[in-house]
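Text of data-v1.pdb, listed as PDB, C-alpha atoms:
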```
ATOM      1  CA  ALA A   1      10.502  10.278   0.128
ATOM      2  CA  LEU A   2       8.565   9.733   3.325
ATOM      3  CA  GLY A   3       7.732   6.395   4.908
ATOM      4  CA  ILE A   4       4.599   6.124   7.032
ATOM      5  CA  ASP A   5       4.093   3.248   9.444
ATOM      6  CA  VAL A   6       2.165   2.576  12.638
ATOM      7  CA  SER A   7       5.094   0.571  13.997
ATOM      8  CA  PRO A   8       7.634   2.587  15.991
ATOM      9  CA  GLU A   9      10.226  -0.083  15.222
ATOM     10  CA  ALA A  10       9.687   0.214  11.462
ATOM     11  CA  VAL A  11      10.041   3.996  11.688
ATOM     12  CA  ARG A  12      13.187   3.665  13.800
ATOM     13  CA  MET A  13      14.767   1.201  11.350
ATOM     14  CA  THR A  14      13.916   3.409   8.382
ATOM     15  CA  ARG A  15      15.412   6.486  10.004
ATOM     16  CA  GLN A  16      18.469   4.484  11.045
ATOM     17  CA  ARG A  17      19.056   3.756   7.349
ATOM     18  CA  GLY A  18      18.938   7.483   6.579
ATOM     19  CA  ALA A  19      15.431   7.774   5.143
ATOM     20  CA  ARG A  20      12.600   9.991   6.343
ATOM     21  CA  ALA A  21       9.772   8.262   8.182
ATOM     22  CA  ARG A  22       6.999   9.154  10.536
ATOM     23  CA  ARG A  23       4.782   7.137  12.786
ATOM     24  CA  GLY A  24       1.190   7.294  11.715
ATOM     25  CA  ASP A  25      -1.666   5.737   9.863
ATOM     26  CA  VAL A  26      -1.961   6.360   6.120
ATOM     27  CA  PHE A  27      -5.704   6.834   6.698
ATOM     28  CA  GLY A  28      -5.008   9.730   9.061
ATOM     29  CA  PRO A  29      -3.582  13.145   8.236
ATOM     30  CA  VAL A  30      -0.298  12.998   6.310
ATOM     31  CA  PRO A  31       1.918  15.756   4.908
ATOM     32  CA  GLU A  32       1.276  17.131   1.431
ATOM     33  CA  GLU A  33      -2.086  15.403   0.917
ATOM     34  CA  GLY A  34      -3.233  15.808  -2.666
ATOM     35  CA  ARG A  35       0.253  16.805  -3.824
ATOM     36  CA  TRP A  36       2.201  13.538  -3.877
ATOM     37  CA  ALA A  37       3.983  12.871  -7.153
ATOM     38  CA  THR A  38       4.383   9.159  -6.355
ATOM     39  CA  ALA A  39       3.045   6.655  -3.851
ATOM     40  CA  LEU A  40       4.732   3.262  -3.509
ATOM     41  CA  LEU A  41       2.996   0.207  -2.052
ATOM     42  CA  ALA A  42       5.592  -2.572  -2.076
ATOM     43  CA  ASP A  43       6.171  -5.835  -0.242
ATOM     44  CA  GLY A  44       2.484  -6.649   0.128
ATOM     45  CA  ASN A  45       1.483  -3.255   1.519
ATOM     46  CA  ILE A  46      -1.621  -3.153  -0.693
ATOM     47  CA  GLY A  47      -2.969  -5.700   1.804
ATOM     48  CA  ILE A  48      -2.896  -3.332   4.793
ATOM     49  CA  GLY A  49      -6.189  -3.498   6.658
ATOM     50  CA  GLY A  50      -7.591  -6.200   4.407
ATOM     51  CA  ASP A  51      -9.376  -3.671   2.184
ATOM     52  CA  PRO A  52      -7.224  -2.827  -0.847
ATOM     53  CA  ALA A  53     -10.010  -0.822  -2.523
ATOM     54  CA  ARG A  54     -10.171   1.495   0.509
ATOM     55  CA  LEU A  55      -6.381   1.795   0.575
ATOM     56  CA  LEU A  56      -6.209   2.610  -3.144
ATOM     57  CA  ALA A  57      -8.935   5.251  -2.735
ATOM     58  CA  ARG A  58      -6.869   6.819   0.046
ATOM     59  CA  VAL A  59      -3.748   6.726  -2.125
ATOM     60  CA  ARG A  60      -5.726   8.458  -4.880
ATOM     61  CA  ASP A  61      -6.574  11.249  -2.423
ATOM     62  CA  LEU A  62      -2.872  11.653  -1.608
ATOM     63  CA  LEU A  63      -1.781  11.948  -5.244
ATOM     64  CA  ALA A  64      -1.394  15.162  -7.180
ATOM     65  CA  PRO A  65      -3.609  15.314 -10.289
ATOM     66  CA  ASP A  66      -0.685  14.013 -12.378
ATOM     67  CA  GLY A  67       0.645  11.711  -9.646
ATOM     68  CA  VAL A  68       1.169   7.976  -9.945
ATOM     69  CA  ALA A  69       0.996   5.007  -7.623
ATOM     70  CA  ILE A  70       3.299   2.028  -8.029
ATOM     71  CA  VAL A  71       1.695  -1.026  -6.487
ATOM     72  CA  GLU A  72       3.382  -4.401  -6.061
ATOM     73  CA  LEU A  73       1.045  -7.298  -6.789
ATOM     74  CA  GLU A  74       0.914 -11.051  -6.434
ATOM     75  CA  ALA A  75       1.330 -13.314  -9.458
ATOM     76  CA  PRO A  76      -1.458 -13.754 -12.011
ATOM     77  CA  GLY A  77      -4.027 -16.291 -10.850
ATOM     78  CA  THR A  78      -4.039 -15.066  -7.230
ATOM     79  CA  GLY A  79      -7.169 -12.945  -7.632
ATOM     80  CA  LEU A  80      -8.258 -11.094  -4.507
ATOM     81  CA  VAL A  81      -7.764 -12.925  -1.217
ATOM     82  CA  HIS A  82      -8.954 -11.606   2.154
ATOM     83  CA  ASP A  83      -7.378 -13.184   5.227
ATOM     84  CA  ARG A  84      -6.653 -12.757   8.935
ATOM     85  CA  LEU A  85      -3.012 -13.165   9.874
ATOM     86  CA  ARG A  86      -0.799 -13.303  12.944
ATOM     87  CA  LEU A  87       2.894 -12.526  13.065
ATOM     88  CA  ARG A  88       5.149 -14.917  14.979
ATOM     89  CA  LEU A  89       8.626 -14.347  16.319
ATOM     90  CA  GLY A  90       9.946 -17.213  18.389
ATOM     91  CA  ASP A  91       7.303 -17.959  20.994
ATOM     92  CA  ARG A  92       5.596 -14.557  20.616
ATOM     93  CA  GLU A  93       2.540 -14.032  18.455
ATOM     94  CA  SER A  94       0.648 -10.887  17.478
ATOM     95  CA  VAL A  95      -3.067 -10.386  17.657
ATOM     96  CA  ALA A  96      -4.881 -11.343  14.460
ATOM     97  CA  PHE A  97      -5.255  -8.610  11.839
ATOM     98  CA  ASP A  98      -6.947  -8.258   8.467
ATOM     99  CA  TRP A  99      -4.807  -8.588   5.361
ATOM    100  CA  ALA A 100      -5.390  -9.016   1.638
ATOM    101  CA  LEU A 101      -3.476 -10.306  -1.354
ATOM    102  CA  VAL A 102      -4.084  -8.771  -4.770
ATOM    103  CA  GLY A 103      -3.017 -10.564  -7.909
ATOM    104  CA  VAL A 104      -2.308  -9.002 -11.277
ATOM    105  CA  ASP A 105      -5.663 -10.388 -12.407
ATOM    106  CA  ALA A 106      -7.577  -8.414  -9.728
ATOM    107  CA  ILE A 107      -6.007  -4.948  -9.985
ATOM    108  CA  ASP A 108      -8.206  -3.568 -12.799
ATOM    109  CA  ASP A 109     -11.456  -3.847 -10.821
ATOM    110  CA  LEU A 110      -9.883  -2.522  -7.606
ATOM    111  CA  ALA A 111      -8.308   0.418  -9.416
ATOM    112  CA  THR A 112     -11.616   1.293 -11.077
ATOM    113  CA  GLU A 113     -13.395   1.134  -7.714
ATOM    114  CA  ALA A 114     -10.827   3.623  -6.343
ATOM    115  CA  ASP A 115     -11.193   5.915  -9.395
ATOM    116  CA  LEU A 116      -7.725   4.987 -10.626
ATOM    117  CA  SER A 117      -6.591   3.602 -13.973
ATOM    118  CA  VAL A 118      -4.008   0.909 -14.650
ATOM    119  CA  ALA A 119      -1.484   2.631 -16.923
ATOM    120  CA  ALA A 120       0.993  -0.260 -17.083
ATOM    121  CA  LEU A 121       1.766  -3.705 -15.693
ATOM    122  CA  ARG A 122       5.335  -4.939 -15.284
ATOM    123  CA  GLU A 123       7.078  -8.108 -14.172
ATOM    124  CA  SER A 124      10.718  -8.336 -13.207
ATOM    125  CA  GLY A 125      12.447 -11.244 -11.560
ATOM    126  CA  GLY A 126       9.138 -12.824 -10.619
ATOM    127  CA  ARG A 127       7.809  -9.645  -8.968
ATOM    128  CA  HIS A 128       4.747  -7.921 -10.412
ATOM    129  CA  ALA A 129       3.718  -4.270 -10.248
ATOM    130  CA  ALA A 130       1.095  -1.918 -11.622
ATOM    131  CA  LEU A 131       1.454   1.761 -12.399
ATOM    132  CA  LEU A 132      -1.792   3.503 -11.447
ATOM    133  CA  THR A 133      -2.890   7.013 -12.388
ATOM    134  CA  ARG A 134      -5.836   9.109 -11.327
ATOM    135  CA  SER A 135      -8.795   8.494 -13.647
ATOM    136  CA  GLN A 136      -9.574  11.358 -15.958
ATOM    137  CA  ILE A 137     -13.082  12.816 -15.834
ATOM    138  CA  GLY A 138     -14.805  13.890 -19.030
TER     139      GLY A 138
END
```
The structure in this file should be written as structure tokens.
Amino acid sequence: ALGIDVSPEAVRMTRQRGARARRGDVFGPVPEEGRWATALLADGNIGIGGDPARLLARVRDLLAPDGVAIVELEAPGTGLVHDRLRLRLGDRESVAFDWALVGVDAIDDLATEADLSVAALRESGGRHAALLTRSQIG
């Protein structure tokens, strides 16, 4: 497994816990492009950059032909929500950044736009996820 994050602190914390991580942008060059068996977008990460269709298309490019993406989603009824957020810690606040929320009810259209297929939907303990595969041509 390899974590990719633009935040040096997130990379440091991941490595401190014994996992592999590198600082970078998922839209830039990453190791093993086109050969990933699995990509995991959890804890709202499908919202990165505010354009989940673009992110899913990038994930598709990272996957091996038989690879899968596991994508955590918001509850049914959320739809697709685009927003601008700021992070706050005490009296400090980040610059505003684009973010999106994707509900179970919006994943089919986004997956299709990214040339992915929804193979399964699951719910466990109030958390929702989709298993996405590369769409088959022909």
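Using only C-alpha atoms, the shortest contact distance between Ile46 in chain A and any of A:Ala96, A:Val118, A:Ala19, A:Leu80 is found at A:Leu80.
Between CA of Thr38 in chain A and CA of Ser117 in chain A lies a distance of 14.5 Å.
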query: Quick one: residues within 9 Å of Gly49 in chain A, only C-alpha atoms counted, chain neighbours fewer than 3 positions away excluded, as a ChimeraX atom specification?
result: /A:46,52,54-55,97-100
Written selection (C-alpha atoms) as a CSV table (one decimal), in the frame of the given file:
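So the final result, stored in selection.csv, reads:
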```
chain,number,residue,atom,x,y,z
A,46,ILE,CA,-1.6,-3.2,-0.7
A,52,PRO,CA,-7.2,-2.8,-0.8
A,54,ARG,CA,-10.2,1.5,0.5
A,55,LEU,CA,-6.4,1.8,0.6
A,97,PHE,CA,-5.3,-8.6,11.8
A,98,ASP,CA,-6.9,-8.3,8.5
A,99,TRP,CA,-4.8,-8.6,5.4
A,100,ALA,CA,-5.4,-9.0,1.6
```
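Between Ser135 in chain A and the residues A:Gly67, A:Gly18, A:Gly47, A:Pro76, the shortest atom-to-atom distance, using all atoms listed in the file, involves A:Gly67.
Once the PyMOL selection byres ((chain A and resi 27-30) around 10) is applied to the shown structure, the selection contains A:Leu2, A:Ile4, A:Arg22, A:Gly24, A:Asp25, A:Val26, A:Pro31, A:Glu32, A:Glu33, A:Gly34, A:Arg54, A:Leu55, A:Arg58, A:Val59, A:Leu62.
Pairwise distance (CA of Asp105 in chain A, CA of Gly44 in chain A) equals 15.4 Å.
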Using all atoms listed in the file, which protein or nucleic acid residues come within 7 Å of Gly103 in chain A? Drop anything in the same chain fewer than 3 positions from it, and give the result as a short mmCIF file (atom, residue, chain, number, x, y, z; two decimals) with C-alpha atoms, in the coordinates of the input.
```cif
data_model
loop_
_atom_site.label_atom_id
_atom_site.label_comp_id
_atom_site.auth_asym_id
_atom_site.auth_seq_id
_atom_site.Cartn_x
_atom_site.Cartn_y
_atom_site.Cartn_z
CA LEU A 73 1.04 -7.30 -6.79
CA GLU A 74 0.91 -11.05 -6.43
CA ALA A 75 1.33 -13.31 -9.46
CA PRO A 76 -1.46 -13.75 -12.01
CA GLY A 77 -4.03 -16.29 -10.85
CA THR A 78 -4.04 -15.07 -7.23
CA GLY A 79 -7.17 -12.94 -7.63
CA LEU A 80 -8.26 -11.09 -4.51
CA ALA A 106 -7.58 -8.41 -9.73
CA ILE A 107 -6.01 -4.95 -9.98
#
```
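Reported to one decimal place, the separation of CA of Pro65 in chain A from CA of Arg35 in chain A is 7.7 Å.
Distance check against Val102 in chain A using all atoms listed in the file: of A:Glu123, A:Asp66, A:Asp61, A:Asp43, the minimum falls on A:Asp43.
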Axis-aligned box for all listed atoms of range 121-127 of chain A, 6 Å per side, centre and edges in Å to one decimal, as AutoDock Vina command-line options:
```
--center_x 7.1 --center_y -8.3 --center_z -12.3 --size_x 22.7 --size_y 21.1 --size_z 18.7
```
task: Skip Glu113 in chain A itself and residues of its chain fewer than 5 positions away, then list as a ChimeraX atom specification all residues within 9 Å of it, counting only C-alpha atoms.
output: /A:53-54,56-57,108
Tell me which protein, DNA and RNA residues are within 10 Å of Ala1 in chain A, counting all atoms listed in the file, leaving out same-chain ones fewer than 5 positions away, and put them as a PDB file with C-alpha atoms, in the frame of the given file.
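Below is the file result27.pdb, written as the result:
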```
ATOM      1  CA  ALA A  19      15.431   7.774   5.143  1.00  0.00           C
ATOM      2  CA  ARG A  20      12.600   9.991   6.343  1.00  0.00           C
ATOM      3  CA  ALA A  21       9.772   8.262   8.182  1.00  0.00           C
ATOM      4  CA  TRP A  36       2.201  13.538  -3.877  1.00  0.00           C
ATOM      5  CA  THR A  38       4.383   9.159  -6.355  1.00  0.00           C
ATOM      6  CA  ALA A  39       3.045   6.655  -3.851  1.00  0.00           C
ATOM      7  CA  LEU A  40       4.732   3.262  -3.509  1.00  0.00           C
TER       8      LEU A  40
END
```
message: For Leu41 in chain A, find every residue with an atom within 7 Å (counting all atoms listed in the file), except residues of its own chain fewer than 3 positions away, and show them as a list in words.
response: Asn45, Ile46, Ile70, Val71 and Glu72 of chain A
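Candidate residues A:Arg17, A:Arg122, A:His82, A:Arg60 were compared for distance to Ala37 in chain A, and the nearest is A:Arg60, using all atoms listed in the file.
For the set A:Ala69, A:Leu110, A:Leu63, A:Val81, the residue with the smallest atom-to-atom gap to Ala129 in chain A is A:Ala69, counting only C-alpha atoms.
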- prompt: So which one's closest to Ile48 in chain A, A:Arg12, A:Leu101, A:Ala130, A:Gly3? Using all atoms listed in the file, please.
  reply: A:Leu101
